[in-house]
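> Structure file upload-v9.csv (CSV, C-alpha atoms and all ligand atoms) is given on the next line.
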chain,number,residue,atom,x,y,z
A,1,MET,CA,-16.6,-34.8,-64.7
A,2,SER,CA,-16.2,-33.0,-68.0
A,3,ILE,CA,-12.9,-32.6,-69.8
A,4,LYS,CA,-12.9,-28.9,-68.9
A,5,GLU,CA,-13.4,-29.7,-65.2
A,6,THR,CA,-10.7,-32.3,-65.3
A,7,ILE,CA,-8.2,-29.9,-66.9
A,8,LYS,CA,-9.1,-27.3,-64.2
A,9,ALA,CA,-8.6,-29.8,-61.4
A,10,VAL,CA,-5.2,-31.0,-62.8
A,11,GLY,CA,-4.1,-27.4,-63.2
A,12,TYR,CA,-5.1,-26.6,-59.7
A,13,GLY,CA,-3.1,-29.6,-58.5
A,14,LEU,CA,0.0,-28.6,-60.5
A,15,ALA,CA,-0.2,-25.0,-59.2
A,16,ASN,CA,0.0,-26.3,-55.6
A,17,VAL,CA,2.5,-29.1,-56.1
A,18,ALA,CA,5.5,-26.9,-55.2
A,19,LYS,CA,3.9,-25.2,-52.3
A,20,LYS,CA,4.7,-26.1,-48.7
A,21,PRO,CA,1.9,-28.1,-46.9
A,22,VAL,CA,-0.2,-26.0,-44.5
A,23,THR,CA,-0.5,-28.9,-42.1
A,24,VAL,CA,2.1,-30.0,-39.5
A,25,ARG,CA,3.0,-33.4,-38.1
A,26,TYR,CA,1.3,-32.9,-34.7
A,27,PRO,CA,2.3,-33.7,-31.9
A,28,GLU,CA,5.9,-33.7,-33.0
A,29,GLU,CA,5.3,-30.2,-34.6
A,30,LYS,CA,2.9,-27.6,-33.3
A,31,MET,CA,1.4,-24.6,-34.9
A,32,PRO,CA,2.2,-21.2,-33.3
A,33,ILE,CA,-0.5,-20.4,-30.7
A,34,GLN,CA,-2.5,-17.1,-30.7
A,35,LYS,CA,-1.6,-14.8,-27.8
A,36,ARG,CA,-5.1,-14.6,-26.5
A,37,SER,CA,-5.8,-18.3,-26.6
A,38,ARG,CA,-7.2,-19.9,-23.5
A,39,GLY,CA,-5.5,-23.0,-22.4
A,40,MET,CA,-5.0,-24.8,-19.0
A,41,LEU,CA,-5.7,-22.5,-16.0
A,42,SER,CA,-3.2,-21.6,-13.4
A,43,LEU,CA,-3.6,-20.0,-10.0
A,44,ASP,CA,-1.5,-17.6,-8.0
A,45,LEU,CA,-2.6,-19.3,-4.8
A,46,ASP,CA,-0.8,-17.0,-2.4
A,47,ASN,CA,-2.9,-14.0,-3.6
A,48,CYS,CA,-6.3,-15.7,-4.0
A,49,ILE,CA,-8.8,-14.0,-1.6
A,50,GLY,CA,-11.2,-17.0,-1.6
A,51,CYS,CA,-14.1,-14.8,-2.8
A,52,GLU,CA,-15.8,-17.7,-4.7
A,53,LEU,CA,-16.7,-15.5,-7.7
A,54,CYS,CA,-14.9,-17.9,-10.0
A,55,PHE,CA,-16.9,-20.8,-8.5
A,56,LYS,CA,-20.2,-18.9,-8.8
A,57,ILE,CA,-19.7,-17.8,-12.4
A,58,CYS,CA,-18.5,-21.1,-13.9
A,59,PRO,CA,-21.1,-22.2,-16.4
A,60,ALA,CA,-19.8,-25.8,-16.6
A,61,ASP,CA,-19.8,-26.5,-12.9
A,62,ALA,CA,-16.1,-27.3,-13.2
A,63,ILE,CA,-15.0,-25.4,-10.1
A,64,ARG,CA,-15.5,-26.2,-6.4
A,65,MET,CA,-14.0,-24.4,-3.5
A,66,GLN,CA,-11.5,-26.4,-1.5
A,67,LYS,CA,-10.3,-25.7,2.1
A,68,LEU,CA,-6.6,-25.0,2.2
A,69,GLY,CA,-5.3,-25.2,5.7
A,70,LEU,CA,-2.9,-22.3,4.9
A,71,HIS,CA,-4.7,-19.5,6.9
A,72,LEU,CA,-3.3,-16.8,4.7
A,73,LYS,CA,-4.0,-13.2,5.7
A,74,VAL,CA,-5.5,-12.4,2.3
A,75,ASN,CA,-7.8,-15.4,2.3
A,76,ALA,CA,-10.2,-15.2,5.3
A,77,ARG,CA,-12.2,-18.2,4.1
A,78,ASP,CA,-9.1,-20.2,3.7
A,79,GLU,CA,-10.3,-21.7,0.5
A,80,ALA,CA,-9.4,-21.6,-3.2
A,81,PRO,CA,-10.8,-23.1,-6.4
A,82,ALA,CA,-10.1,-26.6,-7.5
A,83,ILE,CA,-10.8,-27.2,-11.2
A,84,ASP,CA,-12.1,-30.3,-13.0
A,85,PHE,CA,-10.6,-30.0,-16.5
A,86,ASN,CA,-12.9,-32.9,-17.5
A,87,LYS,CA,-15.7,-30.3,-17.3
A,88,CYS,CA,-14.0,-27.0,-18.1
A,89,ILE,CA,-14.9,-25.5,-21.4
A,90,PHE,CA,-12.1,-22.9,-21.3
A,91,CYS,CA,-14.6,-20.0,-21.6
A,92,GLY,CA,-12.4,-17.6,-19.6
A,93,LEU,CA,-15.2,-16.3,-17.3
A,94,CYS,CA,-13.4,-17.3,-14.1
A,95,SER,CA,-10.2,-15.5,-15.0
A,96,GLU,CA,-12.1,-12.4,-16.2
A,97,ILE,CA,-14.1,-12.0,-13.0
A,98,CYS,CA,-11.3,-12.8,-10.6
A,99,PRO,CA,-10.8,-9.5,-8.6
A,100,PRO,CA,-7.1,-9.8,-7.8
A,101,ILE,CA,-6.4,-11.4,-11.3
A,102,VAL,CA,-4.8,-14.5,-9.9
A,103,LEU,CA,-6.5,-17.0,-12.3
A,104,HIS,CA,-4.7,-17.0,-15.6
A,105,HIS,CA,-5.1,-19.1,-18.7
A,106,THR,CA,-1.8,-20.5,-19.9
A,107,HIS,CA,-1.1,-21.5,-23.5
A,108,GLU,CA,-1.1,-25.2,-22.7
A,109,TYR,CA,-3.9,-27.0,-24.6
A,110,ASP,CA,-2.5,-30.5,-25.0
A,111,ILE,CA,-3.9,-32.1,-21.8
A,112,SER,CA,-5.7,-35.1,-23.3
A,113,THR,CA,-5.4,-38.2,-21.2
A,114,ALA,CA,-7.1,-41.6,-20.6
A,115,ASP,CA,-6.9,-40.9,-16.9
A,116,ARG,CA,-9.8,-38.7,-15.9
A,117,GLU,CA,-8.6,-38.4,-12.3
A,118,SER,CA,-5.4,-36.7,-13.5
A,119,LEU,CA,-7.6,-33.8,-14.8
A,120,MET,CA,-8.9,-32.9,-11.3
A,121,TYR,CA,-6.6,-30.1,-10.2
A,122,THR,CA,-6.5,-29.0,-6.6
A,123,PRO,CA,-5.5,-25.3,-5.8
A,124,PHE,CA,-2.0,-26.6,-5.2
A,125,ASP,CA,-1.8,-28.2,-8.6
A,126,LEU,CA,-3.0,-25.0,-10.2
A,127,LYS,CA,-0.3,-23.1,-8.2
A,128,LYS,CA,2.3,-25.5,-9.6
A,129,VAL,CA,1.1,-24.6,-13.1
A,130,TYR,CA,1.3,-21.0,-12.2
A,131,LEU,CA,4.9,-21.3,-10.9
A,132,ASP,CA,6.0,-23.3,-14.0
A,133,THR,CA,4.4,-21.0,-16.6
A,134,VAL,CA,2.9,-17.7,-15.6
A,135,LYS,CA,5.0,-16.4,-12.7
A,136,GLY,CA,7.2,-13.6,-13.8
A,137,ASN,CA,5.3,-13.4,-17.2
A,138,GLU,CA,1.9,-12.2,-15.9
A,139,GLU,CA,1.7,-9.5,-18.6
A,140,GLU,CA,1.9,-12.1,-21.3
A,141,TYR,CA,-0.9,-14.2,-19.9
A,142,ASP,CA,-3.2,-11.4,-18.5
A,143,ILE,CA,-5.5,-10.4,-21.3
A,144,HIS,CA,-7.1,-7.7,-19.2
A,145,ARG,CA,-4.0,-5.7,-18.6
A,146,ARG,CA,-2.5,-6.5,-21.9
A,147,GLU,CA,-5.5,-5.6,-24.1
A,148,GLY,CA,-6.9,-2.9,-21.8
A,149,LEU,CA,-10.3,-4.7,-21.6
A,150,THR,CA,-12.9,-3.5,-19.1
A,151,ARG,CA,-13.2,-5.7,-16.1
A,152,PRO,CA,-16.7,-7.2,-15.7
A,153,PRO,CA,-18.8,-6.2,-12.7
A,154,GLN,CA,-17.8,-8.2,-9.7
A,155,THR,CA,-21.3,-8.9,-8.6
A,156,ALA,CA,-22.2,-11.8,-10.9
A,157,LYS,CA,-23.4,-14.8,-9.0
A,158,SER,CA,-25.9,-17.6,-9.1
A,159,PRO,CA,-28.2,-17.1,-6.1
A,160,ASP,CA,-29.1,-20.7,-5.8
A,161,LYS,CA,-25.6,-22.1,-6.1
A,162,GLN,CA,-23.9,-22.9,-2.8
A,163,PRO,CA,-20.2,-23.6,-2.3
A,164,MET,CA,-19.2,-27.2,-1.8
A,165,THR,CA,-16.4,-26.8,0.7
A,166,ASN,CA,-14.3,-29.5,2.1
A,167,THR,CA,-13.9,-29.8,5.8
A,168,GLN,CA,-10.4,-31.2,5.8
A,169,PRO,CA,-7.3,-29.5,4.5
A,170,SER,CA,-5.6,-31.2,1.5
A,171,ALA,CA,-2.0,-32.0,1.0
A,172,PRO,CA,-0.3,-30.2,-1.9
A,173,THR,CA,-0.5,-33.1,-4.4
A,174,LYS,CA,-2.8,-33.7,-7.3
A,175,ASN,CA,-3.9,-37.2,-6.5
A,176,ASN,CA,-4.2,-36.9,-2.7
A,177,ASP,CA,-6.7,-39.0,-0.9
A,178,GLN,CA,-8.9,-36.0,-0.1
A,179,GLN,CA,-9.1,-35.1,-3.8
A,180,LYS,CA,-10.1,-38.7,-4.7
A,181,LYS,CA,-12.9,-38.6,-2.1
A,182,ASP,CA,-14.3,-35.5,-3.7
B,1,LIG,S1,-12.7,-21.5,-18.0
B,1,LIG,FE1,-15.0,-21.4,-17.8
B,1,LIG,S2,-15.6,-23.6,-17.7
B,1,LIG,FE2,-13.4,-23.5,-17.2
B,1,LIG,S3,-13.3,-23.3,-15.0
B,1,LIG,FE3,-13.3,-21.2,-15.8
B,1,LIG,S4,-15.4,-20.5,-15.8
B,1,LIG,FE4,-15.4,-22.8,-15.6
B,2,LIG,S1,-12.2,-15.4,-8.2
B,2,LIG,FE1,-10.0,-15.3,-7.9
B,2,LIG,S2,-9.7,-14.5,-5.8
B,2,LIG,FE2,-11.8,-15.2,-6.0
B,2,LIG,S3,-11.7,-17.4,-5.2
B,2,LIG,FE3,-11.5,-17.4,-7.5
B,2,LIG,S4,-9.3,-17.4,-7.9
B,2,LIG,FE4,-9.6,-16.8,-5.7
Could you write out this file's structure as structure tokens?
Ligand code: SF4
Ligand code: SF4

Amino acid sequence: MSIKETIKAVGYGLANVAKKPVTVRYPEEKMPIQKRSRGMLSLDLDNCIGCELCFKICPADAIRMQKLGLHLKVNARDEAPAIDFNKCIFCGLCSEICPPIVLHHTHEYDISTADRESLMYTPFDLKKVYLDTVKGNEEEYDIHRREGLTRPPQTAKSPDKQPMTNTQPSAPTKNNDQQKKD
């Protein structure tokens, strides 16, 4: 390195010595998250119509439809999505295509774990995320309504992809036996 370059480098260092660092001490400190970021998904289960569009559009094969045993009027098939966050790439397609807008991305991104099983979320687990984060604040999490985006056509589907439905209802816990079998 020439003397000129050395002086330039030292000058650059001195110019920045009094500035605040741009990094933070994660995970104790976190950077502010962007409002349109796509984190963990949540599900307003009581209003899911079981249409399977989220299942059909998922490019990562992270969604399977799970029987509920709830027999809700709005959900004739009595099924809702279960999501494997080991596979999810947080692309947002499932929440965009959902007709009643009941799948919302939250702002939670810190879901790393050594336990892969804990990243398999049943519809009931996704409902708990919804109740804990999104319920009452839907406008904050719903990018379609908030940004006025055009909804995609609700006809997208993979013709050769068939639903993998369970035959037994599952209990409302994340690590239930039925979920482990799946
Ligand atoms: S965000 Fe994308 S990858 Fe994740 S479940 Fe939805 S469609 Fe699949
Ligand atoms: S697209 Fe929406 S309404 Fe249809 S099954 Fe998925 S979560 Fe339920």
> Could you tell me, counting all atoms listed in the file, which protein and nucleic acid residues lie no more than 10 Å from ligand LIG 1 (chain B), written as a ChimeraX atom specification?
/A:38-41,53-64,81-97,103-105
> Work out how far atom CA of Pro99 of chain A is from atom CA of Lys35 of chain A, in Å to one decimal.
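The value is 21.9 Å.
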> Report, in Å with one decimal, the straight-line distance from atom CA of Ser118 of chain A to atom CA of Asp132 of chain A.
17.6 Å
> Restricting the calculation to all atoms listed in the file, which member of A:Val17, A:Val24, A:Cys51, A:Met120 is positioned closest to ligand LIG 2 (chain B)?
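That would be A:Cys51, the residue with the smallest distance to ligand LIG 2 (chain B).
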> Quick check, in Å to one decimal: how far apart do atom S2 of ligand LIG 2 (chain B) and atom CA of Met65 of chain A lie?
11.0 Å
> Find the residue from A:His107, A:Arg116, A:Lys30, A:Lys67 that sits nearest to ligand LIG 2 (chain B); use all atoms listed in the file when measuring.
A:Lys67
> Pick out the closest residue to Glu79 of chain A from this set: A:Ile7, A:Leu45, A:Leu14, A:Ile101. Count all atoms listed in the file.
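Smallest distance to Glu79 of chain A is found for A:Leu45.
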> Do a neighbour search on Met31 of chain A at 12 Å with only C-alpha atoms, toss out local chain neighbours closer than 5 positions, and write the hits as a PyMOL selection string.
chain A and resi 22-26+109
> Go through A:Ser42, A:Ser112, A:Thr106, A:Ser2 one by one, measure the shortest atom-to-atom distance of each to ligand LIG 2 (chain B) using all atoms listed in the file, and give the residue with the smallest value.
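Closest to ligand LIG 2 (chain B), using all atoms listed in the file: A:Ser42.
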> Which is closer to ligand LIG 2 (chain B) than all the others in A:Ile49, A:Leu70, A:Ile3, A:Val129, using all atoms listed in the file?
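Closest candidate: A:Ile49.
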